[in-house]
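Participant: The following file, query.txt, comprises compact mmCIF, C-alpha atoms and all ligand atoms:
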```txt
# COMPACT_ATOMS: atom_id res chain seq x y z
CA MET A 3 110.82 110.54 100.50
CA GLN A 4 107.10 110.01 99.92
CA PRO A 5 106.39 109.56 96.21
CA LYS A 6 103.92 112.01 94.74
CA SER A 7 100.53 110.76 93.72
CA LEU A 8 99.94 110.04 90.04
CA GLU A 9 97.26 108.43 87.91
CA THR A 10 97.99 104.70 87.70
CA LEU A 11 97.09 103.19 84.34
CA VAL A 12 96.01 99.54 84.32
CA VAL A 13 96.08 97.50 81.11
CA LYS A 14 94.86 93.93 80.86
CA LEU A 15 96.86 91.86 78.41
CA ASN A 16 96.52 88.31 77.17
CA PRO A 17 99.87 86.67 78.00
CA ASP A 18 99.82 84.66 74.78
CA ASP A 19 98.65 87.47 72.53
CA PRO A 20 99.28 90.93 73.99
CA VAL A 21 98.28 94.04 72.04
CA PRO A 22 101.64 95.04 70.48
CA GLU A 23 101.00 98.79 70.85
CA LEU A 24 100.39 98.41 74.58
CA ILE A 25 103.54 96.36 75.20
CA ALA A 26 105.45 98.96 73.15
CA LEU A 27 103.95 101.73 75.30
CA ALA A 28 105.01 99.91 78.47
CA GLY A 29 108.54 99.51 77.09
CA ASP A 30 108.65 103.24 76.24
CA MET A 31 107.57 104.11 79.78
CA LEU A 32 110.36 101.97 81.26
CA ARG A 33 112.93 103.57 78.97
CA ALA A 34 111.62 106.99 79.98
CA GLY A 35 112.38 106.18 83.61
CA GLU A 36 108.86 105.39 84.81
CA LEU A 37 107.72 102.52 87.04
CA VAL A 38 105.83 99.67 85.39
CA ALA A 39 104.44 96.74 87.41
CA PHE A 40 104.25 93.50 85.44
CA PRO A 41 103.43 89.82 85.94
CA THR A 42 106.13 87.20 86.19
CA GLU A 43 105.63 83.47 86.71
CA THR A 44 106.62 83.87 90.38
CA VAL A 45 105.04 87.12 91.62
CA TYR A 46 104.35 90.57 90.14
CA GLY A 47 107.43 92.78 89.79
CA LEU A 48 107.81 96.56 90.15
CA GLY A 49 110.01 97.38 87.18
CA ALA A 50 112.35 100.26 86.36
CA ASN A 51 115.19 100.75 83.89
CA ALA A 52 118.02 98.99 85.73
CA MET A 53 120.72 101.13 84.12
CA GLU A 54 119.28 104.47 85.35
CA SER A 55 119.77 105.18 89.02
CA ARG A 56 117.03 107.83 89.11
CA ALA A 57 114.53 105.31 87.76
CA VAL A 58 115.59 102.61 90.23
CA GLN A 59 115.51 105.06 93.14
CA GLN A 60 111.78 105.45 92.49
CA ILE A 61 111.31 101.74 93.24
CA PHE A 62 112.71 102.28 96.73
CA ASP A 63 110.52 105.36 97.26
CA ALA A 64 107.37 103.64 95.98
CA LYS A 65 107.86 100.50 98.08
CA GLN A 66 109.29 102.37 101.07
CA ARG A 67 112.04 99.79 100.80
CA PRO A 68 115.23 100.28 102.86
CA ALA A 69 118.16 101.39 100.69
CA ASN A 70 120.27 98.44 101.93
CA ASP A 71 117.97 95.85 100.27
CA PRO A 72 119.18 95.29 96.69
CA VAL A 73 116.80 94.48 93.81
CA ILE A 74 116.89 91.77 91.14
CA VAL A 75 117.81 92.64 87.55
CA HIS A 76 115.61 90.96 84.93
CA LEU A 77 116.82 90.13 81.44
CA ALA A 78 115.00 88.90 78.32
CA GLN A 79 118.00 87.00 76.94
CA GLN A 80 121.21 85.46 78.13
CA ASP A 81 123.37 87.66 75.91
CA GLN A 82 122.32 90.65 78.06
CA LEU A 83 124.19 89.07 80.97
CA GLU A 84 127.46 90.77 80.03
CA GLN A 85 125.76 94.19 80.34
CA VAL A 86 125.19 93.65 84.05
CA ALA A 87 127.72 91.06 85.29
CA VAL A 88 131.45 90.33 84.91
CA ASP A 89 133.58 87.25 85.59
CA VAL A 90 130.52 85.01 85.21
CA PRO A 91 131.58 81.52 86.38
CA PRO A 92 130.92 78.41 84.25
CA LEU A 93 128.46 77.15 86.88
CA ALA A 94 126.25 80.20 86.22
CA TYR A 95 126.03 79.27 82.54
CA MET A 96 125.18 75.67 83.43
CA LEU A 97 122.40 76.82 85.73
CA ALA A 98 121.17 79.36 83.17
CA GLU A 99 121.10 76.70 80.48
CA ARG A 100 118.96 74.43 82.61
CA PHE A 101 116.71 76.89 84.50
CA TRP A 102 116.36 80.08 82.43
CA PRO A 103 113.91 81.38 81.59
CA GLY A 104 112.57 80.53 85.03
CA ALA A 105 112.33 81.09 88.75
CA LEU A 106 116.05 81.08 89.53
CA THR A 107 118.06 84.18 90.47
CA LEU A 108 121.86 84.13 90.37
CA VAL A 109 124.03 86.47 92.42
CA LEU A 110 127.07 87.37 90.31
CA ARG A 111 129.90 89.92 90.18
CA LYS A 112 128.41 93.32 89.26
CA HIS A 113 129.30 95.20 86.08
CA ALA A 114 130.50 98.75 86.70
CA ASN A 115 127.66 100.11 84.54
CA VAL A 116 124.99 98.86 86.95
CA PRO A 117 124.10 101.78 89.24
CA SER A 118 124.94 101.13 92.88
CA VAL A 119 121.35 101.86 93.96
CA VAL A 120 120.36 98.55 92.27
CA THR A 121 122.78 96.50 94.33
CA ALA A 122 122.58 98.56 97.52
CA GLY A 123 126.24 99.42 97.14
CA GLN A 124 127.38 95.78 97.01
CA ASP A 125 129.76 94.52 94.33
CA THR A 126 127.37 91.70 93.41
CA VAL A 127 124.21 91.79 91.31
CA ALA A 128 121.21 89.42 91.38
CA VAL A 129 119.99 88.43 87.89
CA ARG A 130 117.27 86.31 86.35
CA ILE A 131 115.40 85.73 83.10
CA PRO A 132 111.70 85.28 83.92
CA SER A 133 109.63 82.83 81.89
CA HIS A 134 106.34 84.76 81.85
CA PRO A 135 105.64 85.75 78.21
CA LEU A 136 104.52 89.29 79.18
CA ALA A 137 107.63 89.85 81.29
CA LEU A 138 109.85 88.70 78.43
CA ARG A 139 108.03 90.86 75.86
CA LEU A 140 108.19 93.87 78.15
CA ILE A 141 111.93 93.56 78.82
CA GLU A 142 112.57 93.06 75.10
CA GLU A 143 110.52 96.16 74.25
CA ALA A 144 112.28 98.20 76.91
CA GLY A 145 115.58 97.22 75.31
CA THR A 146 117.31 97.41 78.67
CA PRO A 147 117.72 95.22 81.76
CA VAL A 148 114.82 95.82 84.14
CA ALA A 149 115.31 96.09 87.90
CA ALA A 150 112.29 94.69 89.72
CA PRO A 151 111.59 93.66 93.28
CA SER A 152 108.19 92.22 94.12
CA ALA A 153 105.50 94.88 93.55
CA ASN A 154 104.30 95.15 97.15
CA ARG A 155 104.93 97.76 99.81
CA PHE A 156 107.86 96.79 102.04
CA SER A 157 107.04 93.97 104.49
CA ARG A 158 103.65 93.24 102.87
CA PRO A 159 103.06 89.83 101.27
CA SER A 160 104.26 89.61 97.66
CA PRO A 161 101.59 90.32 95.01
CA THR A 162 100.33 87.47 92.86
CA SER A 163 97.71 89.51 91.00
CA ALA A 164 97.30 93.00 89.56
CA GLN A 165 94.70 93.64 92.30
CA HIS A 166 97.35 92.98 94.96
CA VAL A 167 99.69 95.44 93.22
CA LEU A 168 96.99 98.13 93.13
CA ALA A 169 96.11 97.54 96.77
CA ASP A 170 99.70 98.48 97.68
CA LEU A 171 100.91 100.82 94.95
CA ASN A 172 97.96 102.61 93.32
CA GLY A 173 99.00 106.23 92.70
CA VAL A 174 102.75 105.59 92.91
CA VAL A 175 103.29 103.40 89.83
CA SER A 176 102.68 104.70 86.28
CA LEU A 177 101.40 101.47 84.76
CA VAL A 178 100.21 98.07 85.96
CA ILE A 179 100.14 95.27 83.38
CA ASP A 180 97.41 92.83 84.40
CA GLY A 181 98.27 89.41 83.02
CA GLY A 182 96.19 87.36 85.43
CA ALA A 183 97.36 85.42 88.45
CA ALA A 184 101.03 84.51 88.82
CA THR A 185 101.31 80.78 88.25
CA ILE A 186 104.01 79.76 90.74
CA GLY A 187 103.03 82.23 93.46
CA VAL A 188 106.28 82.30 95.47
CA GLU A 189 109.37 84.26 94.49
CA SER A 190 112.43 82.91 92.69
CA THR A 191 115.08 80.76 94.33
CA ILE A 192 118.20 82.89 94.89
CA ILE A 193 121.69 81.35 94.77
CA ASN A 194 124.85 83.27 95.54
CA LEU A 195 127.66 82.09 93.27
CA MET A 196 130.25 84.53 94.60
CA GLY A 197 131.38 82.63 97.70
CA ASP A 198 133.64 79.58 98.14
CA ARG A 199 130.65 77.41 97.36
CA PRO A 200 127.14 78.11 96.05
CA VAL A 201 124.77 79.26 98.81
CA VAL A 202 120.98 79.38 98.70
CA LEU A 203 119.90 82.81 99.98
CA ARG A 204 116.19 82.18 99.47
CA PRO A 205 114.31 78.97 98.60
CA GLY A 206 111.74 79.65 95.89
CA GLY A 207 110.10 78.58 92.65
CA VAL A 208 112.89 76.22 91.57
CA PRO A 209 113.12 73.42 94.18
CA LEU A 210 116.51 72.54 95.66
CA GLU A 211 116.04 68.97 94.44
CA ALA A 212 116.14 70.21 90.83
CA LEU A 213 119.20 72.38 91.53
CA ARG A 214 121.00 69.42 93.11
CA GLU A 215 121.06 67.75 89.70
CA ILE A 216 123.75 70.34 88.93
CA ILE A 217 125.01 71.18 92.46
CA PRO A 218 124.71 67.87 94.37
CA ASP A 219 125.65 69.18 97.83
CA LEU A 220 123.50 72.32 97.68
CA ASP A 221 121.84 73.02 100.99
CA PHE A 222 119.73 75.72 102.63
CA SER A 223 120.36 76.77 106.19
CA PRO A 224 117.80 79.35 107.26
CA ARG A 225 119.45 82.31 108.95
CA TYR A 226 116.52 84.49 109.81
CA VAL A 227 117.39 87.70 111.55
CA ASP A 228 115.47 90.31 113.46
CA MET A 229 114.69 93.75 112.00
CA ASP A 230 116.89 95.37 114.64
CA ASP A 231 119.89 93.19 113.88
CA VAL A 232 122.32 93.86 111.08
CA ALA A 233 121.17 91.64 108.24
CA PRO A 234 123.82 89.25 106.86
CA SER A 235 121.86 89.20 103.61
CA PRO A 236 119.09 91.76 103.23
CA GLY A 237 116.60 89.18 101.97
CA THR A 238 116.74 87.26 105.23
CA LEU A 239 114.85 89.92 107.20
CA ILE A 240 112.40 88.05 109.35
CA LYS A 241 109.62 90.64 109.07
CA HIS A 242 109.72 90.46 105.30
CA TYR A 243 106.34 88.78 104.86
CA SER A 244 104.50 89.86 107.97
CA PRO A 245 100.77 90.33 107.66
CA GLU A 246 98.80 92.39 110.19
CA ALA A 247 97.56 89.25 111.95
CA ASP A 248 99.75 87.02 114.10
CA VAL A 249 100.61 83.86 112.19
CA LEU A 250 100.90 80.59 114.14
CA VAL A 251 102.68 77.81 112.25
CA PHE A 252 102.21 74.31 113.69
CA GLN A 253 104.76 71.62 112.95
CA GLY A 254 104.91 67.97 113.94
CA GLU A 255 103.11 64.66 113.64
CA THR A 256 99.74 64.89 111.84
CA ALA A 257 97.25 63.93 114.56
CA ALA A 258 99.07 65.92 117.23
CA VAL A 259 99.27 68.99 115.00
CA TYR A 260 95.55 68.97 114.23
CA GLN A 261 94.71 68.45 117.92
CA ALA A 262 96.93 71.40 118.86
CA MET A 263 95.48 73.58 116.10
CA HIS A 264 91.95 72.66 117.16
CA ASP A 265 92.64 73.40 120.85
CA THR A 266 94.26 76.72 120.00
CA LEU A 267 91.35 77.63 117.74
CA MET A 268 88.76 76.88 120.43
CA GLN A 269 90.75 78.84 123.00
CA TYR A 270 90.83 81.94 120.77
CA LEU A 271 87.15 81.65 119.90
CA GLN A 272 86.25 81.47 123.59
CA GLU A 273 88.27 84.63 124.14
CA GLY A 274 86.32 86.31 121.35
CA VAL A 275 89.38 86.55 119.08
CA ARG A 276 88.71 86.56 115.34
CA VAL A 277 90.60 83.59 113.86
CA GLY A 278 91.57 82.68 110.31
CA VAL A 279 92.85 79.33 109.06
CA LEU A 280 94.89 78.65 105.93
CA ALA A 281 93.73 75.15 105.04
CA ARG A 282 94.58 72.60 102.41
CA ASP A 283 91.57 70.85 100.84
CA ASP A 284 91.89 67.84 103.14
CA GLU A 285 91.97 70.10 106.22
CA ILE A 286 88.86 72.15 105.48
CA SER A 287 86.38 69.85 107.22
CA LEU A 288 88.54 69.98 110.37
CA PHE A 289 88.26 73.75 110.76
CA SER A 290 85.07 74.66 108.95
CA ARG A 291 82.87 76.61 111.42
CA PRO A 292 80.68 79.66 110.94
CA ASP A 293 82.85 81.69 113.35
CA VAL A 294 86.16 80.86 111.62
CA VAL A 295 87.46 82.60 108.48
CA LEU A 296 88.75 79.79 106.33
CA HIS A 297 90.93 80.29 103.27
CA GLU A 298 91.35 77.30 100.98
CA LEU A 299 94.88 76.70 99.71
CA GLY A 300 94.22 73.79 97.37
CA HIS A 301 95.29 70.19 97.31
CA ASP A 302 98.99 70.00 96.44
CA GLU A 303 102.21 71.97 96.85
CA ALA A 304 101.83 73.80 93.55
CA THR A 305 98.33 75.08 94.30
CA VAL A 306 99.25 75.91 97.91
CA ALA A 307 102.19 78.00 96.65
CA ALA A 308 99.98 79.72 94.07
CA ASN A 309 97.31 80.58 96.68
CA LEU A 310 99.53 81.38 99.66
CA PHE A 311 100.03 85.15 99.43
CA ASP A 312 96.47 85.68 98.24
CA GLY A 313 95.30 83.73 101.29
CA ILE A 314 97.38 85.80 103.70
CA ARG A 315 96.13 89.03 102.13
CA ALA A 316 92.51 87.79 102.16
CA LEU A 317 92.67 86.89 105.86
CA ASP A 318 94.20 90.27 106.66
CA GLU A 319 91.36 91.93 104.78
CA ALA A 320 88.87 89.82 106.75
CA ARG A 321 90.46 91.44 109.82
CA VAL A 322 91.37 88.26 111.64
CA SER A 323 93.77 88.73 114.55
CA VAL A 324 95.36 85.30 114.32
CA ILE A 325 96.08 82.96 111.40
CA LEU A 326 96.59 79.24 112.05
CA VAL A 327 98.36 77.04 109.52
CA ARG A 328 100.12 73.70 109.41
CA ALA A 329 103.78 73.79 108.30
CA PRO A 330 104.26 71.99 104.96
CA LYS A 331 106.90 69.33 104.33
CA ARG A 332 110.21 70.98 103.55
CA THR A 333 110.67 69.27 100.19
CA GLY A 334 110.04 70.54 96.66
CA LEU A 335 108.06 73.79 96.61
CA GLY A 336 107.20 73.00 100.24
CA LEU A 337 110.51 74.50 101.37
CA ALA A 338 109.65 77.87 99.81
CA ILE A 339 106.16 77.73 101.35
CA TRP A 340 107.65 76.82 104.73
CA ASP A 341 110.11 79.72 104.46
CA ARG A 342 107.36 82.27 103.68
CA LEU A 343 105.15 81.00 106.50
CA VAL A 344 107.95 81.06 109.06
CA ARG A 345 108.78 84.62 108.05
CA ALA A 346 105.11 85.59 108.25
CA ALA A 347 105.19 84.07 111.75
CA GLU A 348 108.29 86.14 112.49
CA GLY A 349 110.27 82.98 113.14
CA GLN A 350 107.92 81.40 115.67
CA VAL A 351 107.12 77.79 114.81
CA ILE A 352 105.03 75.82 117.30
CA GLU A 353 106.58 72.36 117.56
CA VAL A 354 103.98 69.76 118.54
CA ASP A 355 104.84 66.25 119.74
O1 LIG A 401 110.60 85.98 91.86
C1 LIG A 401 111.25 86.98 92.15
O2 LIG A 401 112.45 86.93 92.47
C2 LIG A 401 110.52 88.32 92.14
C3 LIG A 401 110.11 88.64 90.71
C4 LIG A 401 109.54 90.01 90.56
O3 LIG A 401 111.21 88.45 89.86
N1 LIG A 401 111.34 89.35 92.68
C5 LIG A 401 111.59 89.43 94.01
O4 LIG A 401 112.34 90.54 94.36
O5 LIG A 401 111.21 88.64 94.82
P1 LIG A 401 112.51 91.06 95.86
O6 LIG A 401 113.22 92.34 95.79
O7 LIG A 401 111.22 91.10 96.53
O8 LIG A 401 113.51 90.06 96.45
C6 LIG A 401 114.80 90.05 95.95
C7 LIG A 401 115.73 89.53 96.93
C8 LIG A 401 115.87 90.46 98.11
O9 LIG A 401 115.63 89.75 99.29
C9 LIG A 401 117.30 90.92 98.01
O10 LIG A 401 117.85 91.08 99.27
C10 LIG A 401 117.97 89.82 97.22
O11 LIG A 401 117.00 89.42 96.32
N2 LIG A 401 119.09 90.34 96.46
C11 LIG A 401 119.06 91.19 95.44
N3 LIG A 401 120.31 91.49 95.03
C12 LIG A 401 121.14 90.79 95.82
C13 LIG A 401 122.56 90.67 95.91
N4 LIG A 401 123.37 91.35 95.10
N5 LIG A 401 123.06 89.86 96.86
C14 LIG A 401 122.25 89.18 97.68
N6 LIG A 401 120.90 89.25 97.65
C15 LIG A 401 120.36 90.06 96.74
MG MG A 402 109.90 91.12 97.92
```
Translate this structure into structure tokens?
Ligand code: TXA
Ligand code: MG

Facilitator:
Amino acid sequence: MQPKSLETLVVKLNPDDPVPELIALAGDMLRAGELVAFPTETVYGLGANAMESRAVQQIFDAKQRPANDPVIVHLAQQDQLEQVAVDVPPLAYMLAERFWPGALTLVLRKHANVPSVVTAGQDTVAVRIPSHPLALRLIEEAGTPVAAPSANRFSRPSPTSAQHVLADLNGVVSLVIDGGAATIGVESTIINLMGDRPVVLRPGGVPLEALREIIPDLDFSPRYVDMDDVAPSPGTLIKHYSPEADVLVFQGETAAVYQAMHDTLMQYLQEGVRVGVLARDDEISLFSRPDVVLHELGHDEATVAANLFDGIRALDEARVSVILVRAPKRTGLGLAIWDRLVRAAEGQVIEVD
């Protein structure tokens, strides 16, 4: 169902000192069943009262998200956990102790009170406590767990600013809280604790290395699937982050990768194709040409993660047909960046020797 058009209100709030009346208003709106987009430390979320199926259904309508893709439930405090989950294993509390508030989502046994629209009919529920002060204040004010996927239209890059949210959802969300750019820039790490052993469903803001301090043998085996296949886990859809442009991810030894990227670039330019490059600071001089649209990602993993989705959106807006990028190392935040790039490339990585 297409959502009807409404007037989207945008309020800019200082994360460290938000106007109390405005946060209270946002909380009221959530309680009343309306959609409120808000900043988190990972990406912006599209929030609704998690305990009201009518409210949550609007998230799916607004995003045009398939009904089989469950959403994450956000809490302000750990004692809310028992409202949404049952049979919480000791490992969940250990992880919560160490990583909440923060960019870690735990998949747990669902409480009967959580509407099935939230979990796409599954008997598990994904939960996290975000660390962004505005997110925490908002969830506290709402006085209820808040269901929130990323605040983008389905299969668009996740939003890391209020402008990104408006570009996708203006007229379908009641309120957008503008709290500035998301600091981490990639979504939370998701771990399923309901199987025989913990499984990483999505690498994200908390690196696996940090999680291994508590789960030493934790691993991530990418299982990307095609849109047409039946998804083993909904979040593994390969088209999830696809921009309009084709994304070419180059992987391999440094000199060979840059040679291959350069050759590919020249080939496209000769064919009159408009090309964009996502470049780290030390790569800019290699690709800087008047006929190439360059987007700077920064100098280290943290800044690359923070700039990644903005870069993909910016290159799409610049109407490039192809985006070239070097695959990052798959360590630390690099694994989450790698995962998002490979999905944007629809699984195609160019291996260079
Ligand atoms: O950082 C984040 O996680 C952001 C912010 C807003 O918190 N949220 C986010 O939500 O990325 P979303 O909906 O874009 O991604 C949530 C992922 C989906 O891929 C979904 O399939 C998975 O979580 N998920 C949700 N509930 C699940 C469940 N019960 N079992 C397995 N996967 C689940
Ligand atoms: Mg998303």

Participant: When you count all atoms listed in the file, which of these residues is closest to ligand MG 402 (chain A): A:Phe252, A:Phe311, A:Phe222, A:Phe101?

Facilitator: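 Nearest candidate to ligand MG 402 (chain A) out of A:Phe252, A:Phe311, A:Phe222, A:Phe101: A:Phe311.
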
Participant: Kindly give the distance, in Å, that separates atom CA of Ser160 of chain A and atom CA of Tyr270 of chain A, rounded to a single decimal.

Facilitator: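 Between these atoms lies a distance of 27.8 Å.
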
Participant: Can I get the residues close to ligand LIG 401 (chain A) as number ranges by chain, where close means within 6 Å and we count all atoms listed in the file?

Facilitator: A: 44-47, 71-74, 109, 121, 126-128, 150-152, 189-190, 235-237

Participant: Could those selected residues go to a file with C-alpha atoms, as a short mmCIF file (atom, residue, chain, number, x, y, z; two decimals), keeping the file's coordinate frame?

Facilitator:
```
data_model
loop_
_atom_site.label_atom_id
_atom_site.label_comp_id
_atom_site.auth_asym_id
_atom_site.auth_seq_id
_atom_site.Cartn_x
_atom_site.Cartn_y
_atom_site.Cartn_z
CA THR A 44 106.62 83.87 90.38
CA VAL A 45 105.04 87.12 91.62
CA TYR A 46 104.35 90.57 90.14
CA GLY A 47 107.43 92.78 89.79
CA ASP A 71 117.97 95.85 100.27
CA PRO A 72 119.18 95.29 96.69
CA VAL A 73 116.80 94.48 93.81
CA ILE A 74 116.89 91.77 91.14
CA VAL A 109 124.03 86.47 92.42
CA THR A 121 122.78 96.50 94.33
CA THR A 126 127.37 91.70 93.41
CA VAL A 127 124.21 91.79 91.31
CA ALA A 128 121.21 89.42 91.38
CA ALA A 150 112.29 94.69 89.72
CA PRO A 151 111.59 93.66 93.28
CA SER A 152 108.19 92.22 94.12
CA GLU A 189 109.37 84.26 94.49
CA SER A 190 112.43 82.91 92.69
CA SER A 235 121.86 89.20 103.61
CA PRO A 236 119.09 91.76 103.23
CA GLY A 237 116.60 89.18 101.97
#
```

Participant: Need to verify the contact set: His76 of chain A, 8 Å, all atoms listed in the file, exclusion of same-chain residues closer than 6 positions in sequence. Can you return it as a VMD selection string?

Facilitator: chain A and resid 129 to 132 141 147 to 150

Participant: Measure the distance from atom CA of Val167 of chain A to atom CA of Arg315 of chain A in Å and round it to one decimal.

Facilitator: 11.5 Å

Participant: In Å to one decimal, how far is atom CA of Ala247 of chain A from atom CA of Ala346 of chain A?

Facilitator: 9.2 Å

Participant: For the point (104.2, 72.0, 108.9) in file coordinates, what residues are within 7 Å, counting all atoms listed in the file? Give the answer as a ChimeraX atom specification?

Facilitator: /A:251-254,328-331

Participant: With distances taken over all atoms listed in the file, which residue among A:Thr146, A:Gly206, A:Gly35, A:Pro135 lies nearest ligand MG 402 (chain A)?

Facilitator: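 Looking at the shortest contact to ligand MG 402 (chain A), the residue is A:Gly206.
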
Participant: Considering all atoms listed in the file, state which residue in the set A:Leu267, A:Ile217, A:Ala184, A:Val259 is at the smallest distance from Leu310 of chain A.

Facilitator: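 The closest residue to Leu310 of chain A is A:Ala184.
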